[in-house]
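First up is the structure itself, then whatever we jot down about it.
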Amino acid sequence: MKKIKFVSIFVAIILSIVTIYIYTINPTTLKKFNNSFLDMLFNIRGVEIGDKNIVIIDIDERSIKKLGHWPWRRDKIAQIVENLTNNGIAVIGFDMVFSEKEERSPKEIAKDLGIDSKKLKDYDKIFANSLANSPSILGFVFNMEHNFTNNDPMLNAIFVENGHSGDYILKAKGVTSNIKLLQESAYSSGSFNMIPDSDGVVRSVPMLFRYGSNIYPSLTLEMIRAMLGEQQIYIDYDEFGVADIRVGELTIPTDKYGRVFVNFRGKKGSYRYISALDIYENRVKRSELDGKIALIGTSAAGLLDLRSTPFDSHIPGVEIHANLIDNVLNGNFIQKSSNIVGINYLLIITLLLIVSVIMMFESIFISTFFLALFLGLLIYFFYYLLFFKGVVLNYIYPVLSIIAFALIFYIYRLYIESKQKEKILNKFSKKVSPAVAQTLIKSNSVDLEIDEREVTIFFSDIRNFTTISESFGDAKRLIDYLNRYMSPMSDIIIKSGGTIDKYIGDAIMAYWNAPLKVEDHADLALKASLEQLNSLNKLNMELERDGLPLIEIGVGIHTGKAVVGEMGSYERSDYTIIGESVNTASRIESLTKEFKANILISEDTKNALKQSYNLEPIGDILLKGMSKKVNIYKVQI
């Protein structure tokens, strides 16, 4: 048991080191497994109702069919903005960018034809005027891979950095922004960049980008700032990176790169979609828009703005922004703390130490039960932290390390069990019957520890063996002779469920009721003795035929308490019994010649017998070297 405890703790320590090392490398395959586990927890939680104050103005298939292919003329978009504003919309966010002039404006066409264009419509100006009279936040996209830039976005927010900034905020190489006229007309603008994980699923969204010497906000962050009427955005750093972002009294927890993990409400449709055509034709009641937050985007498959989330593999990107705004305004954050690495290190070590304690149970079935229970509780713990405390941990490394620990330990236990079986076979294969040995192996219940138990002890001895041995001039012939006797006698003991303790020259010592407990051990010992005498008659006929001395034996049997177990030196030991009862049995056997008896038993053995035998009382006898008398009986054959 001590060895199992040591191995358990040792494996836990080694696995902790290995797991932490792999976690530090964080291979892509394991990242995907971790993300899949996270997605599973979202789907177990199920869908929730999104904030009803957030609406999505959808450039859907119906709108495209009526208003024409995208991109629409900007006077049409201006009409949509104007109708939203007139119906009391609180803020409008554009999940799109207007990076080029409107070439379809009559004014632009006239210019190309060399016609006077002063009095003709300029759709960009019409759109700019509607933006200027509305609470609109335009979108732009940062180029992360190449340095193409058409126009630097305007920066209305003032960023204040607290602490050492380092290089944690994502850096952009270029930017595709709105044309200057529209940019200057809108209230502000923000980036609608989304960077999916390696498996293509969007789980977190950057709130900040560093471009050139400035920091720029995401579309969500800028919309929040505009709604709160704040000018400054505070970025707080700790030793791990970005800790949080503050806008007024609102604190937004982020990971160390300034990203917010999105607490998705569900599949597409968690927020109300209003067709852009209905807004354009002003067929939506004011009560459905007044004071609402509007995001203008598209669900049309042909416009290629479909993303993958834990709930949905084809969700419009604009709805991800809706989820994020919902999280921020309602405080439903899921936080990937900046010091998440240290927390995950501690989690791995703690969980493996707990599992090491679980695996210390002697019974592998109990260990397995508690391990399964622990894994179930651990998954619930992850679920609870994620959705009730808003904390994201790494799931796959703790779970895999626990499974790896269990596999290693099960293999180790199988190895120990095989060694135990080998030990049992080595100890008992020549002492007990094969059936008993197999029973010990199957039950794995042999206890080699020292124990006190009632046993029936058997001693037999060949009478006048000294004279017989002297008649053999050849030691080899004597051994062969002795083996002819010992083999059948031993077989009878083993067949009856007895255990042969040792051979002492011509004597045999055996016992019943150890190592496995057996019923009627006194009867078994006596029956084996009677069978030995019967077998000896047949053997003597063979010996007489071969001209060899005949054999006569005396048997002494006693039932009593004895100490049983593994005894000997640290280097060499044996499973045996010791105690006063052993001496008693030996002394009883030595009286057989004196009382002309083949079998003598003690009164304790007589009282333990369950069946009837022909017994003749001898009386109370003071055995040699013992202080009290023992009542013995002669077994009549």
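Following the order of the structure tokens, first chain is A, next is B, and so on, with residues numbered from 1 inside each chain and ligands from 1 in the order they appear.
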Check range 273-447 of chain A with DSSP on the backbone and list each residue it calls helix (DSSP H, G or I), as a ChimeraX atom specification. /A:276-280,286-288,301-303,317-330,340-358,364-388,396-428,434-443
Next, the residues of the selection above should be written as a compact mmCIF listing (two decimals), in the first residue's frame with C-alpha atoms.
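See out30.txt below for the written result:
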```txt
# COMPACT_ATOMS: atom_id res chain seq x y z
CA ALA A 276 -33.59 46.69 -44.48
CA LEU A 277 -36.40 46.93 -47.04
CA ASP A 278 -38.95 47.49 -44.26
CA ILE A 279 -36.83 50.30 -42.84
CA TYR A 280 -36.28 51.78 -46.30
CA ARG A 286 -41.56 53.73 -34.01
CA SER A 287 -42.09 51.70 -30.82
CA GLU A 288 -40.02 48.91 -32.36
CA ALA A 301 -25.20 34.17 -48.24
CA GLY A 302 -23.93 35.76 -51.43
CA LEU A 303 -22.35 38.67 -49.53
CA GLY A 317 -21.06 38.40 -38.59
CA VAL A 318 -23.25 41.31 -37.54
CA GLU A 319 -24.97 39.10 -34.93
CA ILE A 320 -21.62 38.43 -33.26
CA HIS A 321 -21.34 42.19 -32.68
CA ALA A 322 -24.87 42.10 -31.28
CA ASN A 323 -23.85 39.35 -28.82
CA LEU A 324 -20.81 41.33 -27.76
CA ILE A 325 -22.76 44.57 -27.19
CA ASP A 326 -25.29 42.55 -25.19
CA ASN A 327 -22.49 41.10 -23.01
CA VAL A 328 -20.97 44.51 -22.31
CA LEU A 329 -24.21 46.38 -21.56
CA ASN A 330 -25.63 43.61 -19.37
CA ILE A 340 -4.85 32.54 -17.18
CA VAL A 341 -1.60 30.65 -17.79
CA GLY A 342 -0.64 30.69 -14.12
CA ILE A 343 -4.16 29.71 -13.08
CA ASN A 344 -4.11 26.76 -15.49
CA TYR A 345 -0.71 25.65 -14.17
CA LEU A 346 -2.07 25.61 -10.63
CA LEU A 347 -5.25 23.84 -11.77
CA ILE A 348 -3.30 21.04 -13.49
CA ILE A 349 -1.12 20.42 -10.42
CA THR A 350 -4.03 20.53 -7.96
CA LEU A 351 -6.28 18.20 -9.97
CA LEU A 352 -3.52 15.63 -10.50
CA LEU A 353 -2.72 15.58 -6.78
CA ILE A 354 -6.42 15.01 -6.01
CA VAL A 355 -6.54 12.17 -8.54
CA SER A 356 -3.38 10.68 -7.03
CA VAL A 357 -5.20 10.45 -3.69
CA ILE A 358 -8.24 8.85 -5.36
CA ILE A 364 -9.32 -0.60 -8.21
CA PHE A 365 -13.12 -0.63 -8.47
CA ILE A 366 -13.47 1.97 -5.72
CA SER A 367 -10.76 4.08 -7.36
CA THR A 368 -12.53 3.86 -10.72
CA PHE A 369 -15.88 4.83 -9.18
CA PHE A 370 -14.48 7.89 -7.44
CA LEU A 371 -12.42 8.83 -10.50
CA ALA A 372 -15.54 8.78 -12.70
CA LEU A 373 -17.41 10.79 -10.05
CA PHE A 374 -14.55 13.27 -9.85
CA LEU A 375 -14.45 13.72 -13.63
CA GLY A 376 -18.20 14.37 -13.66
CA LEU A 377 -17.87 16.94 -10.86
CA LEU A 378 -14.91 18.51 -12.66
CA ILE A 379 -16.91 19.02 -15.86
CA TYR A 380 -19.73 20.58 -13.81
CA PHE A 381 -17.12 22.76 -12.08
CA PHE A 382 -15.91 23.99 -15.48
CA TYR A 383 -19.52 24.58 -16.53
CA TYR A 384 -20.26 26.48 -13.30
CA LEU A 385 -17.18 28.67 -13.64
CA LEU A 386 -17.94 29.45 -17.29
CA PHE A 387 -21.60 30.41 -17.02
CA PHE A 388 -22.07 31.45 -13.39
CA ILE A 396 -8.42 19.81 -22.26
CA TYR A 397 -5.08 19.68 -20.43
CA PRO A 398 -6.50 18.94 -16.96
CA VAL A 399 -8.93 16.36 -18.38
CA LEU A 400 -6.31 14.68 -20.58
CA SER A 401 -3.77 14.67 -17.75
CA ILE A 402 -6.31 12.95 -15.48
CA ILE A 403 -7.11 10.36 -18.15
CA ALA A 404 -3.38 9.83 -18.77
CA PHE A 405 -2.82 9.44 -15.03
CA ALA A 406 -5.60 6.86 -14.81
CA LEU A 407 -4.23 4.88 -17.77
CA ILE A 408 -0.69 4.90 -16.39
CA PHE A 409 -1.91 3.87 -12.99
CA TYR A 410 -4.17 1.13 -14.34
CA ILE A 411 -1.23 -0.26 -16.32
CA TYR A 412 0.89 -0.08 -13.18
CA ARG A 413 -1.82 -1.85 -11.16
CA LEU A 414 -2.05 -4.55 -13.84
CA TYR A 415 1.71 -4.94 -13.64
CA ILE A 416 1.57 -5.20 -9.85
CA GLU A 417 -1.31 -7.65 -10.12
CA SER A 418 0.64 -9.83 -12.55
CA LYS A 419 3.59 -9.74 -10.17
CA GLN A 420 1.23 -10.61 -7.32
CA LYS A 421 -0.08 -13.56 -9.30
CA GLU A 422 3.45 -14.65 -10.03
CA LYS A 423 4.28 -14.31 -6.35
CA ILE A 424 1.23 -16.36 -5.39
CA LEU A 425 2.16 -19.07 -7.86
CA ASN A 426 5.73 -19.11 -6.63
CA LYS A 427 4.64 -19.30 -3.01
CA PHE A 428 1.84 -21.83 -3.31
CA PRO A 434 -3.86 -25.76 -8.55
CA ALA A 435 -7.53 -24.95 -7.87
CA VAL A 436 -6.60 -23.15 -4.64
CA ALA A 437 -3.74 -21.34 -6.37
CA GLN A 438 -6.07 -20.18 -9.17
CA THR A 439 -8.65 -19.09 -6.61
CA LEU A 440 -6.01 -16.99 -4.88
CA ILE A 441 -5.02 -15.46 -8.22
CA LYS A 442 -8.58 -14.72 -9.34
CA SER A 443 -9.62 -13.23 -6.02
```
From a DSSP pass on the backbone, collect the residues of range 63-132 of chain A flagged as strand (DSSP E) and hand them back as a ChimeraX atom specification. /A:91-94
Could those selected residues go to a file with C-alpha atoms, as a PDB file, in the first residue's frame?
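For reference, out-v9.pdb as written:
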```pdb
ATOM      1  CA  VAL A  91     -27.167  54.380 -32.054  1.00  0.00           C
ATOM      2  CA  ILE A  92     -26.423  52.873 -35.465  1.00  0.00           C
ATOM      3  CA  GLY A  93     -23.405  50.651 -36.120  1.00  0.00           C
ATOM      4  CA  PHE A  94     -22.304  49.720 -39.641  1.00  0.00           C
TER       5      PHE A  94
END
```
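In this structure, CA of Ser535 in chain A sits 17.9 Å away from CA of Met509 in chain A.
Taking only C-alpha atoms, the non-local environment of Met144 in chain A within 7 Å (same-chain residues fewer than 4 positions away omitted) comprises Ala172, Lys173 and Gly174 of chain A.
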Measuring between only C-alpha atoms, which one of A:Asn394, A:Asp244, A:Lys101, A:Tyr234 shows the shortest distance to Asn34 in chain A?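 Checking each candidate against Asn34 in chain A, we get A:Asn394 as the closest.
The two atoms in question, CA of Val260 in chain A and CA of Gly50 in chain A, are spaced 17.7 Å apart.
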Using only C-alpha atoms: which of A:Thr456, A:Gly565, A:Ser586, A:Arg484 has the shortest distance to Leu526 in chain A: A:Thr456
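In this model, the gap between CA of Ile492 in chain A and CA of Ala507 in chain A comes to 15.0 Å.
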Please list as a list in words every residue within 7 Å of Val564 in chain A, counting only C-alpha atoms and excluding residues in the same chain fewer than 2 positions away.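 Neighbouring residues, sequence-local ones excluded: Ile450, Asp451, Glu452, Arg453, Ala562, Thr576, Ile577 and Ile578 of chain A.
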Output the selection as a compact mmCIF listing (two decimals), in the first residue's frame - N, CA and C atoms for each residue.
```
# COMPACT_ATOMS: atom_id res chain seq x y z
N ILE A 450 1.07 -10.83 8.31
CA ILE A 450 0.96 -11.74 9.45
C ILE A 450 -0.42 -11.61 10.08
N ASP A 451 -1.03 -12.78 10.38
CA ASP A 451 -2.38 -12.80 10.93
C ASP A 451 -2.49 -14.00 11.88
N GLU A 452 -3.38 -13.91 12.86
CA GLU A 452 -3.63 -15.04 13.75
C GLU A 452 -4.93 -15.69 13.33
N ARG A 453 -4.91 -17.02 13.18
CA ARG A 453 -6.07 -17.72 12.65
C ARG A 453 -6.11 -19.14 13.21
N ALA A 562 -2.86 -20.14 15.45
CA ALA A 562 -1.46 -20.05 15.02
C ALA A 562 -1.27 -18.73 14.28
N THR A 576 4.27 -19.28 6.13
CA THR A 576 4.31 -20.39 7.07
C THR A 576 3.45 -20.08 8.29
N ILE A 577 3.45 -21.00 9.26
CA ILE A 577 2.72 -20.79 10.51
C ILE A 577 3.66 -21.06 11.67
N ILE A 578 3.43 -20.36 12.78
CA ILE A 578 4.21 -20.59 13.99
C ILE A 578 3.28 -20.47 15.18
```
